[in-house]
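Asker: Just dropping this structure here.
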2 protein chains.
Amino acid sequence: MKLGIYQFDPEWGKKKHNLARIEEKLTNEDNVDLWILPELCTTGYQFTSQQELNKLAEKFPAGFTSNHLQNLSSYIKAGIIIGAAEKTEHGIYNSAAIYENGEYKGIYRKLHLYYEENKYFTPGEASPSVFEIKGVKVGVMICFDWIFPETARTLALKGAQLIAHPANLVLPYCPHAMLIRSIENKVFTATANRIGEEDRTGERLQFIGNSQITDVQGKRLGKLSRNEENILIVDINPEKALDKSINQYNDLLGDRRSKFYYNE
Amino acid sequence: MKLGIYQFDPEWGKKKHNLARIEEKLTNEDNVDLWILPELCTTGYQFTSQQELNKLAEKFPAGFTSNHLQNLSSYIKAGIIIGAAEKTEHGIYNSAAIYENGEYKGIYRKLHLYYEENKYFTPGEASPSVFEIKGVKVGVMICFDWIFPETARTLALKGAQLIAHPANLVLPYCPHAMLIRSIENKVFTATANRIGEEDRTGERLQFIGNSQITDVQGKRLGKLSRNEENILIVDINPEKALDKSINQYNDLLGDRRSKFYYNE
């Protein structure tokens, strides 16, 4: 399975412009099976009011952005996982929408909101799901979800071979942590982070780039730098994530002693 | 709280000799509050038969080794957490015994046995516990427990400020992973690993040393090298582990969405 990440600096509020850039990049590469794009990468990240976010958020799969992405996934015959602001009757979610070959597959709503996201977004209210894309089980989590090991673990227990991870990281820890998420779950991970900065609230956020794809043993298969706008394409063998044994005696999921773990 | 780790190369089967070395090192340092010693560091690690292990394992707190360590902790007025082979009516456990100022505080029995440990040891049958030592809540886990994020998480949820981690590591991943265990739980960690090698089964094990102490943000406060026999002493402020907030909106334990996590 050929994975593609597009790391870029979205322009805040310019959805059509950002979608056009995405379309240009993704149509320019052949044979990518699944594209993973950053968190909130059509709208931008920092909001100064609920009204502002309400204006930019859209319904999925009904809205303009979703239709555009669905068509794009049909045209390029690929999967697309992309962070977006999702408007619903219950509030606005920091979500990731999932498409494959022109089909809308579903959505993941971020469970763990970071910092001022809590002011305007509603936290997800469902266990993270696994989506089958091109025959591969792909779990989805967003940015700050990484710090809660239960997120990746839940996805691995649900059969994820790959964890797709749209992000807008500002702190330096996550790229190292994702190596450990790979090792402890024997899964591939693909973190699509953005670059650039935003300073709409008086608090300057510098996004750290460093998008990466890791294998099931915590090795980086590819990585972008802190500041480059670029694509990263890596071929993975998802079958390697099916067998959770690490030697003849140990199996990473089978050896769990769940009745002795706290989950409160 | 002043933490001490003694990283050394135990001689297989020579319990009195190993205890004498431990005693010499620990009595030579003043004002250490808590010593953490490697896994199975009085007996050695590799066994070739159940009989061999049966001969070396002892009862805790009744046996010679436990009495010796209890007296030592009284003499040096410190806590001691040490890996040992524990004999019981139900089997032999790969355990860590905990002492403080001449008092036997209890035992932790390794939940996740690694590789050929499964041939001769019985896995622990209790949720990992937190022990109060010198007013600080100390969780205990052993070696391979690190790869299951639930172990450190369980200890953090039970209030551990410090995770004491006796180990006999042979793979390279754990020292990096423990930085992430610190970050995701906002706890201090102290991994006491051994050095040297054993080749009693025809399979040569090279232990990786690299004992370390990390702070609540995943910074190494001190570290030993791969091969040195040495002590590592680091002063920590355990109060830093009490507050799990990371900004005004986020709290590492409070933000958990446990009803959406799988624990099966």
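Letters for chains follow the order of the structure tokens (A, B, ...), residue numbers begin at 1 for each chain, and ligand numbers begin at 1 in the order shown.
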Report as an mmCIF file with N, CA and C atoms, in the first residue's frame: the residues of stretch 5-177 of chain A with a DSSP assignment of alpha helix (DSSP H), based on the backbone of this structure.
Answerer:
```
data_model
loop_
_atom_site.group_PDB
_atom_site.id
_atom_site.type_symbol
_atom_site.label_atom_id
_atom_site.label_comp_id
_atom_site.auth_asym_id
_atom_site.auth_seq_id
_atom_site.Cartn_x
_atom_site.Cartn_y
_atom_site.Cartn_z
ATOM 1 N N LYS A 15 -10.936 28.206 2.244
ATOM 2 C CA LYS A 15 -11.198 26.794 1.987
ATOM 3 C C LYS A 15 -10.996 26.419 0.529
ATOM 4 N N LYS A 16 -11.533 27.265 -0.375
ATOM 5 C CA LYS A 16 -11.415 26.910 -1.808
ATOM 6 C C LYS A 16 -9.959 26.904 -2.240
ATOM 7 N N HIS A 17 -9.233 27.873 -1.767
ATOM 8 C CA HIS A 17 -7.807 27.957 -2.087
ATOM 9 C C HIS A 17 -7.056 26.719 -1.568
ATOM 10 N N ASN A 18 -7.347 26.349 -0.321
ATOM 11 C CA ASN A 18 -6.656 25.190 0.256
ATOM 12 C C ASN A 18 -7.042 23.904 -0.471
ATOM 13 N N LEU A 19 -8.315 23.787 -0.807
ATOM 14 C CA LEU A 19 -8.748 22.595 -1.553
ATOM 15 C C LEU A 19 -8.093 22.530 -2.926
ATOM 16 N N ALA A 20 -7.917 23.685 -3.548
ATOM 17 C CA ALA A 20 -7.268 23.715 -4.862
ATOM 18 C C ALA A 20 -5.813 23.267 -4.762
ATOM 19 N N ARG A 21 -5.155 23.695 -3.693
ATOM 20 C CA ARG A 21 -3.754 23.269 -3.507
ATOM 21 C C ARG A 21 -3.686 21.763 -3.290
ATOM 22 N N ILE A 22 -4.614 21.266 -2.473
ATOM 23 C CA ILE A 22 -4.650 19.824 -2.211
ATOM 24 C C ILE A 22 -4.892 19.071 -3.517
ATOM 25 N N GLU A 23 -5.857 19.556 -4.284
ATOM 26 C CA GLU A 23 -6.189 18.883 -5.542
ATOM 27 C C GLU A 23 -4.990 18.872 -6.486
ATOM 28 N N GLU A 24 -4.320 19.987 -6.559
ATOM 29 C CA GLU A 24 -3.157 20.071 -7.447
ATOM 30 C C GLU A 24 -2.089 19.049 -7.057
ATOM 31 N N LYS A 25 -1.790 18.968 -5.768
ATOM 32 C CA LYS A 25 -0.745 18.040 -5.311
ATOM 33 C C LYS A 25 -1.153 16.581 -5.511
ATOM 34 N N LEU A 26 -2.396 16.275 -5.142
ATOM 35 C CA LEU A 26 -2.800 14.871 -5.148
ATOM 36 C C LEU A 26 -2.986 14.337 -6.576
ATOM 37 N N THR A 27 -3.405 15.211 -7.483
ATOM 38 C CA THR A 27 -3.584 14.733 -8.864
ATOM 39 C C THR A 27 -2.259 14.626 -9.591
ATOM 40 N N GLN A 50 -16.980 31.598 18.298
ATOM 41 C CA GLN A 50 -17.809 30.488 17.829
ATOM 42 C C GLN A 50 -18.405 30.821 16.463
ATOM 43 N N GLN A 51 -18.764 32.078 16.269
ATOM 44 C CA GLN A 51 -19.371 32.502 15.004
ATOM 45 C C GLN A 51 -18.417 32.236 13.831
ATOM 46 N N GLU A 52 -17.185 32.578 14.060
ATOM 47 C CA GLU A 52 -16.159 32.404 13.040
ATOM 48 C C GLU A 52 -16.047 30.932 12.623
ATOM 49 N N LEU A 53 -16.012 30.041 13.629
ATOM 50 C CA LEU A 53 -15.938 28.614 13.344
ATOM 51 C C LEU A 53 -17.225 28.125 12.672
ATOM 52 N N ASN A 54 -18.361 28.603 13.170
ATOM 53 C CA ASN A 54 -19.642 28.198 12.572
ATOM 54 C C ASN A 54 -19.687 28.500 11.079
ATOM 55 N N LYS A 55 -19.156 29.645 10.707
ATOM 56 C CA LYS A 55 -19.166 30.054 9.294
ATOM 57 C C LYS A 55 -18.340 29.121 8.418
ATOM 58 N N LEU A 56 -17.232 28.636 8.969
ATOM 59 C CA LEU A 56 -16.316 27.822 8.160
ATOM 60 C C LEU A 56 -16.641 26.328 8.193
ATOM 61 N N PHE A 64 -19.946 21.365 0.699
ATOM 62 C CA PHE A 64 -19.092 21.653 -0.446
ATOM 63 C C PHE A 64 -17.736 20.959 -0.332
ATOM 64 N N THR A 65 -17.102 21.106 0.817
ATOM 65 C CA THR A 65 -15.773 20.520 1.013
ATOM 66 C C THR A 65 -15.812 19.012 0.852
ATOM 67 N N SER A 66 -16.832 18.402 1.462
ATOM 68 C CA SER A 66 -16.929 16.940 1.383
ATOM 69 C C SER A 66 -17.177 16.490 -0.060
ATOM 70 N N ASN A 67 -18.063 17.190 -0.755
ATOM 71 C CA ASN A 67 -18.303 16.823 -2.157
ATOM 72 C C ASN A 67 -17.034 16.933 -2.985
ATOM 73 N N HIS A 68 -16.300 17.996 -2.727
ATOM 74 C CA HIS A 68 -15.057 18.218 -3.452
ATOM 75 C C HIS A 68 -14.074 17.062 -3.204
ATOM 76 N N LEU A 69 -13.943 16.677 -1.962
ATOM 77 C CA LEU A 69 -12.989 15.618 -1.611
ATOM 78 C C LEU A 69 -13.447 14.262 -2.131
ATOM 79 N N GLN A 70 -14.750 14.058 -2.092
ATOM 80 C CA GLN A 70 -15.290 12.800 -2.603
ATOM 81 C C GLN A 70 -14.999 12.667 -4.102
ATOM 82 N N ASN A 71 -15.234 13.760 -4.827
ATOM 83 C CA ASN A 71 -14.931 13.759 -6.263
ATOM 84 C C ASN A 71 -13.443 13.567 -6.521
ATOM 85 N N LEU A 72 -12.645 14.235 -5.718
ATOM 86 C CA LEU A 72 -11.196 14.104 -5.876
ATOM 87 C C LEU A 72 -10.760 12.649 -5.661
ATOM 88 N N SER A 73 -11.320 12.007 -4.647
ATOM 89 C CA SER A 73 -10.919 10.616 -4.361
ATOM 90 C C SER A 73 -11.353 9.693 -5.497
ATOM 91 N N SER A 74 -12.447 10.079 -6.180
ATOM 92 C CA SER A 74 -12.872 9.302 -7.348
ATOM 93 C C SER A 74 -11.894 9.505 -8.499
ATOM 94 N N TYR A 75 -11.540 10.748 -8.730
ATOM 95 C CA TYR A 75 -10.675 11.096 -9.852
ATOM 96 C C TYR A 75 -9.295 10.450 -9.720
ATOM 97 N N ILE A 76 -8.751 10.467 -8.513
ATOM 98 C CA ILE A 76 -7.395 9.913 -8.329
ATOM 99 C C ILE A 76 -7.432 8.431 -7.937
ATOM 100 N N GLU A 117 -9.095 24.557 21.546
ATOM 101 C CA GLU A 117 -10.125 23.817 20.799
ATOM 102 C C GLU A 117 -11.345 23.597 21.690
ATOM 103 N N ASN A 118 -11.074 23.472 23.005
ATOM 104 C CA ASN A 118 -12.171 23.247 23.948
ATOM 105 C C ASN A 118 -13.178 24.403 24.000
ATOM 106 N N LYS A 119 -12.775 25.571 23.545
ATOM 107 C CA LYS A 119 -13.690 26.715 23.585
ATOM 108 C C LYS A 119 -14.790 26.597 22.533
ATOM 109 N N TYR A 120 -14.458 26.025 21.373
ATOM 110 C CA TYR A 120 -15.400 26.090 20.251
ATOM 111 C C TYR A 120 -15.834 24.742 19.688
ATOM 112 N N PRO A 149 -2.485 6.821 25.356
ATOM 113 C CA PRO A 149 -2.129 5.558 24.680
ATOM 114 C C PRO A 149 -3.350 4.696 24.389
ATOM 115 N N GLU A 150 -4.428 4.981 25.105
ATOM 116 C CA GLU A 150 -5.663 4.208 24.897
ATOM 117 C C GLU A 150 -6.227 4.408 23.489
ATOM 118 N N THR A 151 -5.978 5.539 22.874
ATOM 119 C CA THR A 151 -6.536 5.790 21.538
ATOM 120 C C THR A 151 -5.935 4.819 20.528
ATOM 121 N N ALA A 152 -4.620 4.817 20.421
ATOM 122 C CA ALA A 152 -3.972 3.899 19.477
ATOM 123 C C ALA A 152 -4.249 2.446 19.865
ATOM 124 N N ARG A 153 -4.272 2.177 21.168
ATOM 125 C CA ARG A 153 -4.532 0.803 21.624
ATOM 126 C C ARG A 153 -5.925 0.349 21.210
ATOM 127 N N THR A 154 -6.900 1.230 21.367
ATOM 128 C CA THR A 154 -8.271 0.890 20.974
ATOM 129 C C THR A 154 -8.318 0.561 19.482
ATOM 130 N N LEU A 155 -7.638 1.371 18.687
ATOM 131 C CA LEU A 155 -7.605 1.126 17.240
ATOM 132 C C LEU A 155 -6.925 -0.206 16.924
ATOM 133 N N ALA A 156 -5.826 -0.490 17.613
ATOM 134 C CA ALA A 156 -5.125 -1.761 17.377
ATOM 135 C C ALA A 156 -6.007 -2.939 17.779
ATOM 136 N N LEU A 157 -6.699 -2.803 18.903
ATOM 137 C CA LEU A 157 -7.580 -3.893 19.340
ATOM 138 C C LEU A 157 -8.737 -4.095 18.368
ATOM 139 N N CYS A 174 5.392 14.523 19.983
ATOM 140 C CA CYS A 174 4.595 13.496 19.289
ATOM 141 C C CYS A 174 5.379 12.623 18.314
ATOM 142 N N PRO A 175 6.263 13.186 17.481
ATOM 143 C CA PRO A 175 6.938 12.290 16.525
ATOM 144 C C PRO A 175 7.686 11.139 17.213
ATOM 145 N N HIS A 176 8.299 11.402 18.370
ATOM 146 C CA HIS A 176 8.938 10.307 19.111
ATOM 147 C C HIS A 176 7.901 9.355 19.689
ATOM 148 N N ALA A 177 6.826 9.936 20.210
ATOM 149 C CA ALA A 177 5.796 9.088 20.821
ATOM 150 C C ALA A 177 5.189 8.130 19.808
#
```
Asker: Pick out the residues sitting within 10 Å of A:Asp9, and hand them over as a list in words; count only C-alpha atoms, and ignore anything fewer than 2 positions along from it in its own chain.
Answerer: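 Once the adjacent positions are removed, what remains is Tyr6, Gln7, Glu11, Trp12, Asn18, Pro38, Cys41, Gly44, Asn193, Arg194, Ile195, Gly196, Glu197, Glu198, Phe207, Gly209, Asn227, Glu228 and Glu229 of chain A.
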Asker: Using the selection just defined, write its residues with N, CA, C and O atoms as a short mmCIF file (atom, residue, chain, number, x, y, z; two decimals), in the first residue's frame.
Answerer:
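In the end it all went to result25.cif:
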```
data_model
loop_
_atom_site.label_atom_id
_atom_site.label_comp_id
_atom_site.auth_asym_id
_atom_site.auth_seq_id
_atom_site.Cartn_x
_atom_site.Cartn_y
_atom_site.Cartn_z
N TYR A 6 0.56 14.93 2.51
CA TYR A 6 0.86 16.28 1.99
C TYR A 6 0.97 17.23 3.18
O TYR A 6 -0.01 17.49 3.87
N GLN A 7 2.19 17.67 3.44
CA GLN A 7 2.47 18.61 4.53
C GLN A 7 2.54 20.01 3.94
O GLN A 7 3.35 20.27 3.06
N GLU A 11 -3.90 28.24 4.27
CA GLU A 11 -4.22 29.65 4.52
C GLU A 11 -5.53 29.74 5.28
O GLU A 11 -6.56 29.22 4.83
N TRP A 12 -5.50 30.42 6.40
CA TRP A 12 -6.65 30.44 7.30
C TRP A 12 -7.89 30.98 6.58
O TRP A 12 -7.84 32.04 5.93
N ASN A 18 -7.35 26.35 -0.32
CA ASN A 18 -6.66 25.19 0.26
C ASN A 18 -7.04 23.90 -0.47
O ASN A 18 -6.18 23.04 -0.72
N PRO A 38 -3.36 16.96 6.88
CA PRO A 38 -3.36 17.46 8.27
C PRO A 38 -4.76 17.75 8.83
O PRO A 38 -5.76 17.82 8.11
N CYS A 41 -7.22 21.23 7.80
CA CYS A 41 -6.32 21.81 6.81
C CYS A 41 -7.06 22.50 5.66
O CYS A 41 -6.42 23.01 4.74
N GLY A 44 -8.03 26.08 8.41
CA GLY A 44 -7.09 26.67 9.35
C GLY A 44 -7.47 26.28 10.76
O GLY A 44 -8.54 25.69 10.99
N ASN A 193 1.23 16.26 9.50
CA ASN A 193 1.20 17.50 10.27
C ASN A 193 1.30 18.70 9.32
O ASN A 193 1.73 18.57 8.19
N ARG A 194 0.92 19.87 9.79
CA ARG A 194 1.04 21.06 8.97
C ARG A 194 2.31 21.83 9.34
O ARG A 194 2.99 21.52 10.32
N ILE A 195 2.62 22.81 8.54
CA ILE A 195 3.73 23.72 8.84
C ILE A 195 3.16 25.14 8.96
O ILE A 195 1.95 25.34 8.89
N GLY A 196 4.05 26.09 9.13
CA GLY A 196 3.63 27.49 9.19
C GLY A 196 3.21 27.91 10.59
O GLY A 196 3.45 27.19 11.57
N GLU A 197 2.61 29.09 10.68
CA GLU A 197 2.17 29.56 11.98
C GLU A 197 0.84 30.28 11.87
O GLU A 197 0.42 30.70 10.78
N GLU A 198 0.18 30.43 13.01
CA GLU A 198 -1.04 31.23 13.09
C GLU A 198 -0.94 32.08 14.35
O GLU A 198 -0.41 31.65 15.36
N PHE A 207 3.63 25.59 14.02
CA PHE A 207 3.40 24.16 13.79
C PHE A 207 4.72 23.50 13.39
O PHE A 207 5.55 24.11 12.72
N GLY A 209 5.61 20.66 11.66
CA GLY A 209 5.92 19.79 10.50
C GLY A 209 6.31 18.40 10.96
O GLY A 209 5.63 17.80 11.77
N ASN A 227 9.98 22.59 8.23
CA ASN A 227 9.42 23.74 7.52
C ASN A 227 9.03 23.50 6.07
O ASN A 227 8.40 24.35 5.46
N GLU A 228 9.37 22.36 5.51
CA GLU A 228 9.14 22.19 4.07
C GLU A 228 7.68 21.90 3.74
O GLU A 228 7.02 21.09 4.38
N GLU A 229 7.19 22.59 2.70
CA GLU A 229 5.94 22.13 2.09
C GLU A 229 6.31 21.04 1.12
O GLU A 229 7.09 21.26 0.18
#
```
Asker: Can you work out which one of A:Met178, A:Ala97, A:Ile246, A:Ala62 has the shortest atom-to-atom distance to A:Lys219, counting only C-alpha atoms?
Answerer: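 The closest residue to A:Lys219 is A:Met178.
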Asker: Define the interface residues of chain A facing chain B as those within 7 Å, counting only C-alpha atoms, and report them as a list in words.
Answerer: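 Per the criterion, chain A yields His112, Tyr114, Tyr115, Ala126, Ser127, Ile147, Phe148, Pro149, Glu150, Thr151, Thr154, Ala177, Ile180, Glu184, Asn247, Tyr249, Asn250, Asp255, Ser258, Phe260, Tyr261, Tyr262, Asn263 and Glu264 of chain A.
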Asker: What residues in stretch 7-242 of chain B get the DSSP label strand (DSSP E)? Please answer as a ChimeraX atom specification.
Answerer: /B:7,34-36,79-88,91-100,103-109,130-133,136-140,162-166,188-192,197-198,205-206,212-214,220-223,230-235
Asker: Nearest to A:Trp35 among A:Phe47, A:Tyr99, A:Tyr104, A:Phe121, with distances taken over only C-alpha atoms: which residue is it?
Answerer: A:Tyr99
Asker: Between B:Thr191, B:Asn31, B:Ser95, B:Ser225, which is the closest to B:Pro61 once you count only C-alpha atoms?
Answerer: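 Between B:Thr191, B:Asn31, B:Ser95, B:Ser225, the residue approaching B:Pro61 most closely is B:Ser95.
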